[in-house]
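**Student:** So I've got this file, run.txt, and it contains compact mmCIF, C-alpha atoms and all ligand atoms:
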# COMPACT_ATOMS: atom_id res chain seq x y z
CA MET X 29 116.18 57.43 118.84
CA ASN X 30 113.57 60.11 118.12
CA ASN X 31 110.73 60.45 115.63
CA SER X 32 113.11 60.68 112.67
CA GLN X 33 113.29 58.30 109.71
CA ALA X 34 116.13 56.31 111.33
CA GLN X 35 115.36 52.64 111.80
CA PRO X 36 115.32 51.56 115.48
CA ASN X 37 117.02 48.31 116.39
CA PHE X 38 113.82 46.35 116.88
CA GLU X 39 115.55 43.07 117.74
CA ALA X 40 117.40 44.80 120.60
CA LEU X 41 114.18 46.48 121.78
CA ARG X 42 112.47 43.11 121.76
CA ARG X 43 114.78 41.92 124.50
CA GLU X 44 113.22 44.49 126.86
CA PHE X 45 110.01 42.42 126.93
CA PRO X 46 110.64 39.15 128.80
CA VAL X 47 107.32 37.56 127.82
CA LEU X 48 108.57 37.40 124.22
CA GLU X 49 111.17 34.80 125.23
CA ARG X 50 108.38 32.44 126.20
CA LYS X 51 105.40 33.40 124.09
CA THR X 52 104.42 34.54 120.63
CA TYR X 53 102.66 37.55 122.04
CA LEU X 54 99.96 38.87 119.67
CA ASN X 55 97.63 40.44 122.20
CA SER X 56 98.68 44.09 122.36
CA GLY X 57 95.15 45.17 121.37
CA SER X 58 94.09 43.89 124.81
CA TYR X 59 97.23 44.47 126.92
CA GLY X 60 100.68 45.47 125.73
CA ALA X 61 103.65 43.33 126.77
CA LEU X 62 105.36 44.48 129.97
CA ALA X 63 108.78 46.09 129.44
CA ASN X 64 111.58 45.73 132.00
CA GLY X 65 111.59 49.52 132.34
CA VAL X 66 107.89 49.63 133.21
CA ARG X 67 108.36 46.94 135.81
CA ALA X 68 111.27 48.97 137.24
CA ALA X 69 108.99 52.02 137.42
CA PHE X 70 106.44 50.07 139.48
CA GLU X 71 109.28 48.92 141.72
CA ALA X 72 110.52 52.50 142.10
CA TYR X 73 107.09 53.50 143.31
CA LEU X 74 107.09 50.72 145.91
CA GLU X 75 110.65 51.54 146.94
CA GLU X 76 109.72 55.16 147.59
CA ARG X 77 106.66 54.09 149.59
CA LEU X 78 108.93 51.90 151.72
CA LEU X 79 111.79 54.34 152.14
CA VAL X 80 110.23 57.80 151.90
CA GLY X 81 106.62 57.19 152.84
CA ALA X 82 104.30 59.50 150.98
CA ASN X 83 106.20 61.57 148.43
CA TRP X 84 103.31 63.86 147.48
CA ASP X 85 105.25 66.41 145.41
CA LEU X 86 106.86 63.67 143.37
CA TRP X 87 103.48 62.01 142.84
CA VAL X 88 101.97 65.19 141.48
CA ALA X 89 105.05 65.71 139.31
CA LYS X 90 104.62 62.19 137.88
CA ASN X 91 101.05 63.01 136.88
CA GLU X 92 102.29 66.18 135.18
CA SER X 93 105.04 64.23 133.45
CA VAL X 94 102.44 61.80 132.06
CA ARG X 95 100.34 64.75 130.87
CA ALA X 96 103.31 66.27 129.04
CA LEU X 97 104.29 62.96 127.45
CA ILE X 98 100.75 62.34 126.21
CA ALA X 99 100.70 65.85 124.76
CA THR X 100 103.94 65.12 122.90
CA LEU X 101 102.55 61.83 121.64
CA LEU X 102 99.36 63.43 120.29
CA HIS X 103 101.04 66.64 119.05
CA ALA X 104 98.91 68.65 121.47
CA SER X 105 99.66 71.02 124.35
CA PRO X 106 99.77 69.74 127.97
CA ASP X 107 96.97 72.22 128.76
CA GLU X 108 94.74 70.24 126.39
CA ILE X 109 95.27 66.91 128.19
CA ALA X 110 93.33 65.53 131.14
CA VAL X 111 94.94 62.49 132.79
CA THR X 112 92.00 60.23 133.57
CA ALA X 113 91.37 56.88 135.23
CA SER X 114 90.09 55.35 131.97
CA VAL X 115 88.58 56.21 128.61
CA SER X 116 85.19 55.81 130.27
CA ALA X 117 86.08 58.37 132.98
CA GLY X 118 87.18 60.90 130.34
CA LEU X 119 84.04 60.42 128.25
CA ASN X 120 81.80 60.74 131.30
CA ALA X 121 83.50 64.01 132.30
CA LEU X 122 83.10 65.33 128.77
CA ALA X 123 79.46 64.22 128.53
CA SER X 124 78.74 65.96 131.82
CA ALA X 125 79.86 69.26 130.26
CA LEU X 126 77.59 68.97 127.22
CA HIS X 127 73.97 70.13 127.00
CA PHE X 128 71.59 68.15 124.87
CA SER X 129 68.73 70.26 123.63
CA ALA X 130 67.33 71.46 120.30
CA PRO X 131 68.68 72.31 117.84
CA ARG X 132 71.85 70.27 118.73
CA ASP X 133 70.61 67.27 120.66
CA THR X 134 72.22 64.43 118.69
CA VAL X 135 75.30 62.26 119.17
CA VAL X 136 76.28 60.15 116.17
CA ILE X 137 78.14 56.92 116.90
CA SER X 138 79.02 53.97 114.67
CA ASP X 139 78.52 50.23 114.67
CA PHE X 140 82.29 49.89 115.23
CA GLU X 141 82.24 51.40 118.72
CA PHE X 142 83.67 49.78 121.80
CA PRO X 143 80.66 49.52 124.17
CA THR X 144 81.78 52.30 126.49
CA ASN X 145 81.64 54.88 123.66
CA ALA X 146 78.01 53.92 123.03
CA GLN X 147 76.74 53.22 126.54
CA ILE X 148 77.94 56.57 127.91
CA TRP X 149 76.11 58.45 125.14
CA HIS X 150 72.96 56.39 125.62
CA ALA X 151 73.25 57.22 129.32
CA GLN X 152 72.72 60.87 128.30
CA GLU X 153 69.26 60.10 126.83
CA PRO X 154 67.47 61.10 130.04
CA ARG X 155 69.34 64.43 129.70
CA GLY X 156 67.82 64.96 126.23
CA ALA X 157 70.41 63.31 124.01
CA ARG X 158 69.32 61.56 120.84
CA ILE X 159 71.76 58.84 119.75
CA VAL X 160 72.06 57.90 116.06
CA HIS X 161 73.96 54.75 115.03
CA VAL X 162 75.80 54.63 111.70
CA PRO X 163 75.48 51.10 110.32
CA CYS X 164 77.97 48.96 108.42
CA ALA X 165 77.50 48.40 104.69
CA SER X 166 76.97 44.85 103.38
CA ASP X 167 80.75 44.32 103.12
CA GLY X 168 81.11 44.99 106.85
CA TYR X 169 82.90 48.37 106.47
CA ILE X 170 81.32 51.76 107.27
CA PRO X 171 81.76 53.99 104.21
CA LEU X 172 81.70 57.76 104.42
CA GLU X 173 78.31 57.90 102.71
CA ASN X 174 76.75 56.18 105.75
CA PHE X 175 78.14 58.93 107.98
CA ALA X 176 76.91 61.56 105.50
CA LYS X 177 73.36 60.21 105.91
CA ALA X 178 73.56 60.37 109.71
CA ILE X 179 75.32 63.70 110.36
CA ASP X 180 73.02 66.71 110.07
CA GLU X 181 72.17 70.06 111.67
CA ARG X 182 70.95 68.29 114.82
CA THR X 183 74.34 66.65 115.36
CA GLN X 184 76.28 68.09 118.29
CA LEU X 185 78.95 65.40 118.43
CA VAL X 186 80.24 62.58 116.25
CA ALA X 187 81.79 60.11 118.71
CA ILE X 188 83.72 57.48 116.81
CA THR X 189 86.41 54.91 117.23
CA HIS X 190 89.58 55.23 115.19
CA VAL X 191 90.10 51.48 114.82
CA CYS X 192 87.38 48.92 115.51
CA PHE X 193 88.23 46.60 118.42
CA ARG X 194 86.38 43.68 116.79
CA ASN X 195 87.77 43.58 113.27
CA GLY X 196 90.71 46.00 113.06
CA ALA X 197 88.99 48.27 110.50
CA LYS X 198 90.02 51.95 110.59
CA LEU X 199 87.46 54.66 109.90
CA ASP X 200 88.09 57.52 107.47
CA ILE X 201 88.60 60.15 110.19
CA PRO X 202 89.54 63.08 107.90
CA GLY X 203 86.44 62.37 105.81
CA ILE X 204 84.19 62.14 108.88
CA VAL X 205 85.67 65.35 110.32
CA ARG X 206 84.90 67.14 107.02
CA LEU X 207 81.29 65.93 107.15
CA ALA X 208 80.96 67.01 110.78
CA ARG X 209 82.46 70.45 110.15
CA ALA X 210 80.10 71.03 107.21
CA LYS X 211 77.17 70.60 109.60
CA GLY X 212 78.73 72.46 112.54
CA ALA X 213 79.28 69.31 114.66
CA LYS X 214 82.27 68.36 116.82
CA VAL X 215 84.22 65.09 116.67
CA LEU X 216 85.42 62.86 119.50
CA LEU X 217 87.97 60.21 118.53
CA ASP X 218 88.22 57.07 120.66
CA CYS X 219 91.79 56.16 119.76
CA TYR X 220 92.41 53.42 122.32
CA GLN X 221 92.86 50.81 119.54
CA SER X 222 95.29 53.00 117.60
CA VAL X 223 97.27 55.26 119.92
CA GLY X 224 100.87 54.06 120.21
CA SER X 225 100.50 51.59 117.34
CA ILE X 226 100.31 54.27 114.64
CA ASP X 227 101.27 57.93 114.63
CA ILE X 228 98.42 60.19 115.75
CA ASP X 229 98.39 63.95 115.34
CA VAL X 230 95.16 65.34 116.79
CA LYS X 231 95.82 68.72 115.16
CA ALA X 232 96.34 67.24 111.70
CA LEU X 233 93.26 65.05 112.16
CA ASP X 234 91.44 68.19 113.33
CA VAL X 235 89.38 66.34 115.95
CA ASP X 236 87.88 68.26 118.87
CA PHE X 237 88.33 65.57 121.51
CA ALA X 238 90.27 62.31 121.77
CA ALA X 239 90.39 59.61 124.42
CA GLY X 240 92.66 56.64 124.99
CA GLY X 241 94.45 54.64 127.65
CA MET X 242 97.77 53.14 128.61
CA VAL X 243 97.42 49.39 128.86
CA LYS X 244 97.52 48.48 125.17
CA TYR X 245 99.99 49.99 122.69
CA LEU X 246 101.28 52.62 125.16
CA LEU X 247 103.06 49.92 127.20
CA GLY X 248 101.77 51.19 130.56
CA THR X 249 99.06 49.74 132.71
CA ALA X 250 95.33 49.65 133.28
CA GLY X 251 93.70 52.34 135.41
CA ILE X 252 95.08 55.39 133.61
CA GLY X 253 94.02 57.14 130.42
CA PHE X 254 93.66 60.55 128.83
CA LEU X 255 91.18 62.96 127.35
CA TYR X 256 92.37 65.52 124.80
CA VAL X 257 90.20 68.65 124.57
CA ARG X 258 91.00 71.26 121.93
CA ASP X 259 92.05 74.42 123.79
CA SER X 260 89.44 76.70 122.21
CA HIS X 261 86.62 74.50 123.56
CA ILE X 262 87.80 74.38 127.17
CA PRO X 263 86.41 77.69 128.52
CA SER X 264 82.85 76.86 127.40
CA LEU X 265 82.86 73.29 128.76
CA VAL X 266 82.23 73.04 132.49
CA PRO X 267 81.98 69.42 133.64
CA THR X 268 79.49 68.63 136.40
CA SER X 269 81.62 65.55 137.05
CA SER X 270 84.43 67.17 139.03
CA GLY X 271 86.63 67.03 142.14
CA TRP X 272 89.52 68.75 143.84
CA PHE X 273 92.07 67.80 141.19
CA ALA X 274 89.80 69.48 138.61
CA GLN X 275 89.94 72.84 140.36
CA ALA X 276 91.95 75.86 139.25
CA ASP X 277 93.87 75.71 142.54
CA ILE X 278 94.15 72.15 143.83
CA GLY X 279 95.46 73.45 147.15
CA ALA X 280 92.66 75.96 147.69
CA MET X 281 90.54 73.52 149.71
CA ASP X 282 87.61 75.84 149.08
CA ILE X 283 84.27 74.23 149.96
CA THR X 284 82.16 77.22 148.92
CA ALA X 285 82.40 76.93 145.12
CA ASN X 286 83.41 74.91 142.08
CA ARG X 287 86.25 76.75 140.33
CA PRO X 288 87.32 74.56 137.40
CA ALA X 289 90.89 74.68 136.13
CA PRO X 290 91.33 76.91 133.07
CA ASN X 291 92.81 73.98 131.15
CA ALA X 292 91.81 70.36 130.44
CA ARG X 293 92.58 69.41 134.03
CA ARG X 294 88.97 70.48 134.67
CA PHE X 295 88.02 67.03 133.27
CA GLU X 296 89.93 65.23 136.03
CA ALA X 297 88.53 64.37 139.48
CA GLY X 298 90.48 63.13 142.51
CA THR X 299 93.93 61.94 143.56
CA PRO X 300 95.81 60.56 140.52
CA ALA X 301 96.39 56.81 140.24
CA VAL X 302 99.96 57.31 141.41
CA ALA X 303 101.44 53.84 140.83
CA ASN X 304 99.85 53.85 137.38
CA CYS X 305 101.48 57.21 136.63
CA TYR X 306 104.90 55.68 137.27
CA ALA X 307 104.18 52.85 134.82
CA ALA X 308 102.56 55.12 132.23
CA GLU X 309 105.49 57.53 132.34
CA ALA X 310 107.97 54.71 131.71
CA GLY X 311 105.85 53.22 128.91
CA LEU X 312 105.36 56.57 127.17
CA LYS X 313 109.05 57.45 127.40
CA PHE X 314 109.96 54.08 125.90
CA LEU X 315 107.47 54.48 123.08
CA LEU X 316 108.45 58.07 122.27
CA ALA X 317 112.13 57.12 122.24
CA VAL X 318 111.40 54.48 119.60
CA GLY X 319 109.22 56.96 117.68
CA THR X 320 105.64 56.44 116.53
CA PRO X 321 106.36 56.93 112.79
CA ALA X 322 108.87 54.05 112.90
CA ILE X 323 106.47 51.98 115.00
CA GLU X 324 103.68 52.58 112.51
CA ARG X 325 105.85 51.48 109.57
CA ARG X 326 106.92 48.36 111.45
CA ASN X 327 103.38 47.48 112.51
CA TYR X 328 101.94 47.89 109.02
CA ALA X 329 104.71 45.73 107.57
CA LEU X 330 104.10 42.95 110.12
CA THR X 331 100.32 43.00 109.75
CA GLN X 332 100.49 43.13 105.97
CA ARG X 333 102.80 40.14 105.95
CA CYS X 334 100.48 38.30 108.31
CA MET X 335 97.45 38.98 106.11
CA GLN X 336 99.30 37.90 102.97
CA ARG X 337 100.40 34.66 104.63
CA LEU X 338 96.84 34.00 105.83
CA GLU X 339 95.68 34.33 102.21
CA GLU X 340 98.34 31.83 101.17
CA ILE X 341 97.12 29.22 103.65
CA GLY X 342 93.53 29.73 102.51
CA TRP X 343 92.24 31.36 105.68
CA PRO X 344 92.10 35.09 104.90
CA SER X 345 91.53 37.68 107.59
CA ILE X 346 88.46 39.89 107.35
CA THR X 347 90.49 43.00 108.18
CA PRO X 348 90.66 45.42 105.24
CA MET X 349 93.91 45.06 103.27
CA GLN X 350 94.52 48.78 102.54
CA ASN X 351 96.51 50.63 105.23
CA GLU X 352 94.02 53.55 105.10
CA ARG X 353 91.29 51.18 106.23
CA ARG X 354 92.97 49.26 109.01
CA GLY X 355 94.97 49.45 112.22
CA VAL X 356 97.36 46.79 113.49
CA THR X 357 94.94 44.05 114.47
CA VAL X 358 94.38 41.15 112.10
CA ALA X 359 90.97 39.54 112.65
CA VAL X 360 90.41 35.99 111.43
CA PRO X 361 86.91 34.49 111.42
CA SER X 362 86.49 31.11 113.04
CA ARG X 363 83.52 28.87 113.72
CA ASP X 364 84.85 28.40 117.27
CA CYS X 365 86.93 31.39 118.36
CA GLY X 366 87.23 30.30 121.98
CA GLY X 367 88.46 26.87 120.92
CA LEU X 368 90.88 28.34 118.39
CA MET X 369 92.29 30.82 120.91
CA ALA X 370 92.78 28.00 123.40
CA GLU X 371 94.56 25.84 120.79
CA LEU X 372 96.81 28.76 119.89
CA GLY X 373 97.44 29.27 123.61
CA ARG X 374 98.53 25.63 123.92
CA ARG X 375 101.12 26.45 121.27
CA ASN X 376 102.26 29.47 123.33
CA ILE X 377 100.60 31.93 120.98
CA VAL X 378 98.67 34.63 122.85
CA THR X 379 95.69 36.08 121.00
CA SER X 380 92.17 37.22 121.92
CA HIS X 381 88.78 36.90 120.29
CA ARG X 382 85.80 39.16 119.69
CA ASP X 383 82.61 38.75 117.72
CA GLY X 384 83.46 35.58 115.79
CA ASN X 385 87.06 36.56 115.06
CA VAL X 386 90.37 35.65 116.60
CA ARG X 387 92.45 38.83 116.91
CA ALA X 388 96.20 38.92 116.38
CA SER X 389 97.42 42.40 117.34
CA PHE X 390 100.96 43.36 116.48
CA HIS X 391 103.36 45.84 118.02
CA PHE X 392 106.92 46.92 117.25
CA TYR X 393 108.35 44.22 119.51
CA ASN X 394 106.91 41.49 117.28
CA ASN X 395 108.90 40.17 114.34
CA ASP X 396 108.58 38.01 111.24
CA ASP X 397 109.19 34.87 113.30
CA ASP X 398 106.07 35.70 115.31
CA VAL X 399 104.11 35.98 112.07
CA GLU X 400 105.42 32.61 110.92
CA SER X 401 104.68 30.91 114.26
CA PHE X 402 101.11 32.19 114.07
CA ILE X 403 100.73 31.10 110.43
CA ALA X 404 102.15 27.63 111.09
CA ALA X 405 99.69 27.13 113.96
CA MET X 406 96.76 28.49 111.96
CA GLN X 407 97.63 26.19 109.06
CA ALA X 408 97.66 23.19 111.41
CA LEU X 409 94.31 24.23 112.95
CA ARG X 410 92.62 25.37 109.76
CA ASP X 411 90.44 22.38 109.02
CA SER X 412 89.01 22.26 112.55
CA PHE X 413 88.31 25.97 112.98
CA VAL X 414 88.03 27.77 109.63
CA ASN X 415 85.00 29.89 108.82
CA LEU X 416 85.09 31.77 105.54
CA THR X 417 81.58 33.17 105.57
CA GLN X 418 82.21 36.56 107.21
CA SER X 419 83.11 39.57 105.09
CA LEU X 420 85.00 42.81 105.54
CA ARG X 421 87.67 43.84 103.10
C1 LIG U 1 88.38 51.30 121.47
C2 LIG U 1 88.24 51.18 122.96
N1 LIG U 1 87.65 52.15 123.65
C3 LIG U 1 87.47 52.09 124.97
C4 LIG U 1 87.90 50.99 125.69
C5 LIG U 1 87.66 50.92 127.17
O1 LIG U 1 88.48 51.80 127.84
P1 LIG U 1 88.42 51.98 129.44
O2 LIG U 1 88.30 50.62 130.03
O3 LIG U 1 89.70 52.67 129.75
O4 LIG U 1 87.23 52.82 129.72
C6 LIG U 1 88.56 49.95 125.02
C7 LIG U 1 89.06 48.78 125.79
O5 LIG U 1 89.45 47.78 125.28
C8 LIG U 1 88.73 50.04 123.62
O6 LIG U 1 89.31 49.07 122.93
Render the structure in this file as structure tokens.
**Tutor:**
Amino acid sequence: MNNSQAQPNFEALRREFPVLERKTYLNSGSYGALANGVRAAFEAYLEERLLVGANWDLWVAKNESVRALIATLLHASPDEIAVTASVSAGLNALASALHFSAPRDTVVISDFEFPTNAQIWHAQEPRGARIVHVPCASDGYIPLENFAKAIDERTQLVAITHVCFRNGAKLDIPGIVRLARAKGAKVLLDCYQSVGSIDIDVKALDVDFAAGGMVKYLLGTAGIGFLYVRDSHIPSLVPTSSGWFAQADIGAMDITANRPAPNARRFEAGTPAVANCYAAEAGLKFLLAVGTPAIERRNYALTQRCMQRLEEIGWPSITPMQNERRGVTVAVPSRDCGGLMAELGRRNIVTSHRDGNVRASFHFYNNDDDVESFIAAMQALRDSFVNLTQSLR
């Protein structure tokens, strides 16, 4: 199956994820379910360690394979992809290559950011960076007009999340990119809460940078991520956060100079997280074989059904209803999120909670039965846990 319009056999694919036999797994926004093939990849790594010892060439090849697969996923070139240890590592490498001085000293971030995409920019304040936060409107969403007020001629970078980890809201990226371009600013997209769950084309979105990781919708593991850097920006960006795997010639072993790679590998550092590369490669291959357009259609159908059913039981989610304004997490406000999550857990329903909301995150391996199990449990728990005072729609 490739990225065509053909419908994958989702019920057959579901059988590749053993946890789904035991749990209603709605926690892909934290960690994706483990596929048999990803487990086998981890085992292959261990097997080679036992039987071959250190298979250095294969390890490096695995890292390159992950780079190429990420490039395919994002519709970018492998030369534009750095394979990183985390989103945080990629952002730190990028930040280290930027200079914050007049007239372009400002980084604009939003109130929807995951902490790392705020803390790392605030960490640049001693280097001259000025950080501007774009606030939510009274309905809890961040409209384009709020970005328009914040982005100006001082803005060097607009660093924004694609989908908010707390409430599932999706920002208007094309609109924000237009605003940034009009003022000569660049855009960094933190797509960790969207990549793999919806189709992402960094060229069509026209972002300058994008960062994400493998443990959520990409079916891989923690400890490995990526940074996309548009090719035309690479020559002028020289990270001060570096290492031997960031050099033009990894084998040069030259201790007299820093000679960064001509491509996005200059944003890497040391020895790749080899075991994680095995898992990430297997996860990415699985995902690409299913096809992100089909996954996106499936995920929007499941989440829409879930939100409609929540309305019917009188406990609506706060996640915006329109597809343009949301990802694949459904956030439901509760007066006791921890208690609600624990009660759901007792019913074998795996969720998470953030900021006063229980999060149900869907992926292609979920089905309508999962939606109904969640709804039945929520209906039973409604009177003890409901909170209808929060807003975002
Ligand atoms: C939107 C978003 N960005 C960044 C991160 C953190 O990424 P990392 O731990 O790889 O730095 C997360 C983790 O949940 C996230 O949801």
**Student:** Can you work out which one of X:Leu78, X:Leu216, X:Leu41, X:Ala238 has the shortest atom-to-atom distance to Asn64 of chain X, counting all atoms listed in the file?
**Tutor:**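 When distances to Asn64 of chain X are compared using all atoms listed in the file, the smallest one comes from X:Leu41.
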**Student:** All residues within 9 Å of ligand LIG 1 (chain U) are required, counting only C-alpha atoms and all ligand atoms; please report them as an MDAnalysis selection string.
**Tutor:** chainID X and resid 57:59 112:119 140:145 189:194 218:222 239:244 250:254
**Student:** Can you work out which one of X:Ile204, X:Ala301, X:Ala210, X:Ile188 has the shortest atom-to-atom distance to Lys90 of chain X, counting all atoms listed in the file?
**Tutor:**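 Using all atoms listed in the file, the shortest distance to Lys90 of chain X belongs to X:Ala301.
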**Student:** For a quick check of understanding, using only C-alpha atoms, which of X:Trp343, X:Val318, X:Gln184, X:Arg387 has the smallest distance to His127 of chain X?
**Tutor:**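 Residue with the minimum atom-to-atom distance to His127 of chain X: X:Gln184.
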**Student:** Quick one: pull the distance between atom CA of Ala146 of chain X and atom CA of Ile159 of chain X, Å, one decimal.
**Tutor:**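 Interatomic distance, atom CA of Ala146 of chain X to atom CA of Ile159 of chain X: 8.6 Å.
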**Student:** Pick out the closest residue to Asn120 of chain X from this set: X:Met281, X:Val223, X:Ala297, X:Ala213. Count all atoms listed in the file.
**Tutor:**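 Of X:Met281, X:Val223, X:Ala297, X:Ala213, the one nearest Asn120 of chain X is X:Ala297, counting all atoms listed in the file.
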**Student:** How far is it from atom CA of Ala232 of chain X to atom CA of Val215 of chain X, in Å with one decimal?
**Tutor:**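 Taking atom CA of Ala232 of chain X as the start and atom CA of Val215 of chain X as the end point, the length is 13.3 Å.
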**Student:** Using only C-alpha atoms, what table do you get, as a tab-separated table, when you list each residue of segment 309-380 of chain X with an atom no more than 10 Å from segment 400-403 of chain X, its nearest pair of atoms, and their distance in Å rounded to one decimal, rows by chain then rising number?
**Tutor:**
residue	atom	partner	partner_atom	distance
X:Arg333	CA	X:Glu400	CA	9.4
X:Cys334	CA	X:Ile403	CA	7.5
X:Met335	CA	X:Ile403	CA	9.6
X:Arg337	CA	X:Ile403	CA	6.8
X:Leu338	CA	X:Ile403	CA	6.7
X:Glu340	CA	X:Ile403	CA	9.6
X:Ile341	CA	X:Ile403	CA	7.9
X:Trp343	CA	X:Ile403	CA	9.7
X:Leu372	CA	X:Phe402	CA	8.0
X:Arg375	CA	X:Ser401	CA	9.0
X:Asn376	CA	X:Ser401	CA	9.5
X:Ile377	CA	X:Phe402	CA	6.9
X:Val378	CA	X:Phe402	CA	9.4
X:Thr379	CA	X:Phe402	CA	9.6
**Student:** List as a ChimeraX atom specification the protein and nucleic acid residues near Ile262 of chain X, meaning an atom at most 10 Å away when only C-alpha atoms are counted, but skip any in the same chain fewer than 6 places from it.
**Tutor:** /X:107-108,125,289-295
**Student:** Mind checking which residues fall within 12 Å of Ala157 of chain X, counting only C-alpha atoms, ignoring those fewer than 2 positions away in the same chain, and posting them as a list of chain:residue names?
**Tutor:**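 In the requested form, the answer reads X:Ala123, X:Ser124, X:Leu126, X:His127, X:Phe128, X:Ser129, X:Ala130, X:Pro131, X:Arg132, X:Asp133, X:Thr134, X:Val135, X:Val136, X:Ile148, X:Trp149, X:His150, X:Ala151, X:Gln152, X:Glu153, X:Pro154, X:Arg155, X:Ile159, X:Val160, X:Arg182, X:Thr183, X:Gln184, X:Leu185.
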**Student:** Show which residues sit within 10 Å of Leu48 of chain X, as a PyMOL selection string. Count only C-alpha atoms, and ignore same-chain residues fewer than 3 positions away.
**Tutor:** chain X and resi 42-45+51-54+61-62+393-394+398
**Student:** Counting all atoms listed in the file, which of X:Val47, X:Ala121, X:Ala63, X:Ala405 gets nearest to Thr268 of chain X?
**Tutor:** X:Ala121
**Student:** What is the distance between atom CA of Asp364 of chain X and atom CA of Asn327 of chain X, in Å to one decimal?
**Tutor:**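 Between atom CA of Asp364 of chain X and atom CA of Asn327 of chain X the gap is 27.0 Å.
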**Student:** May I ask which of the residues X:Ile137, X:Cys305, X:Ser56, X:Val414 is the closest one to Phe390 of chain X, counting only C-alpha atoms?
**Tutor:**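 Looking at the shortest contact to Phe390 of chain X, the residue is X:Ser56.
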**Student:** Which residues, written as a PyMOL selection string, have at least one atom at most 8 Å from Gly298 of chain X, with all atoms listed in the file counted and residues fewer than 4 positions away on the same chain left out?
**Tutor:** chain X and resi 271-274
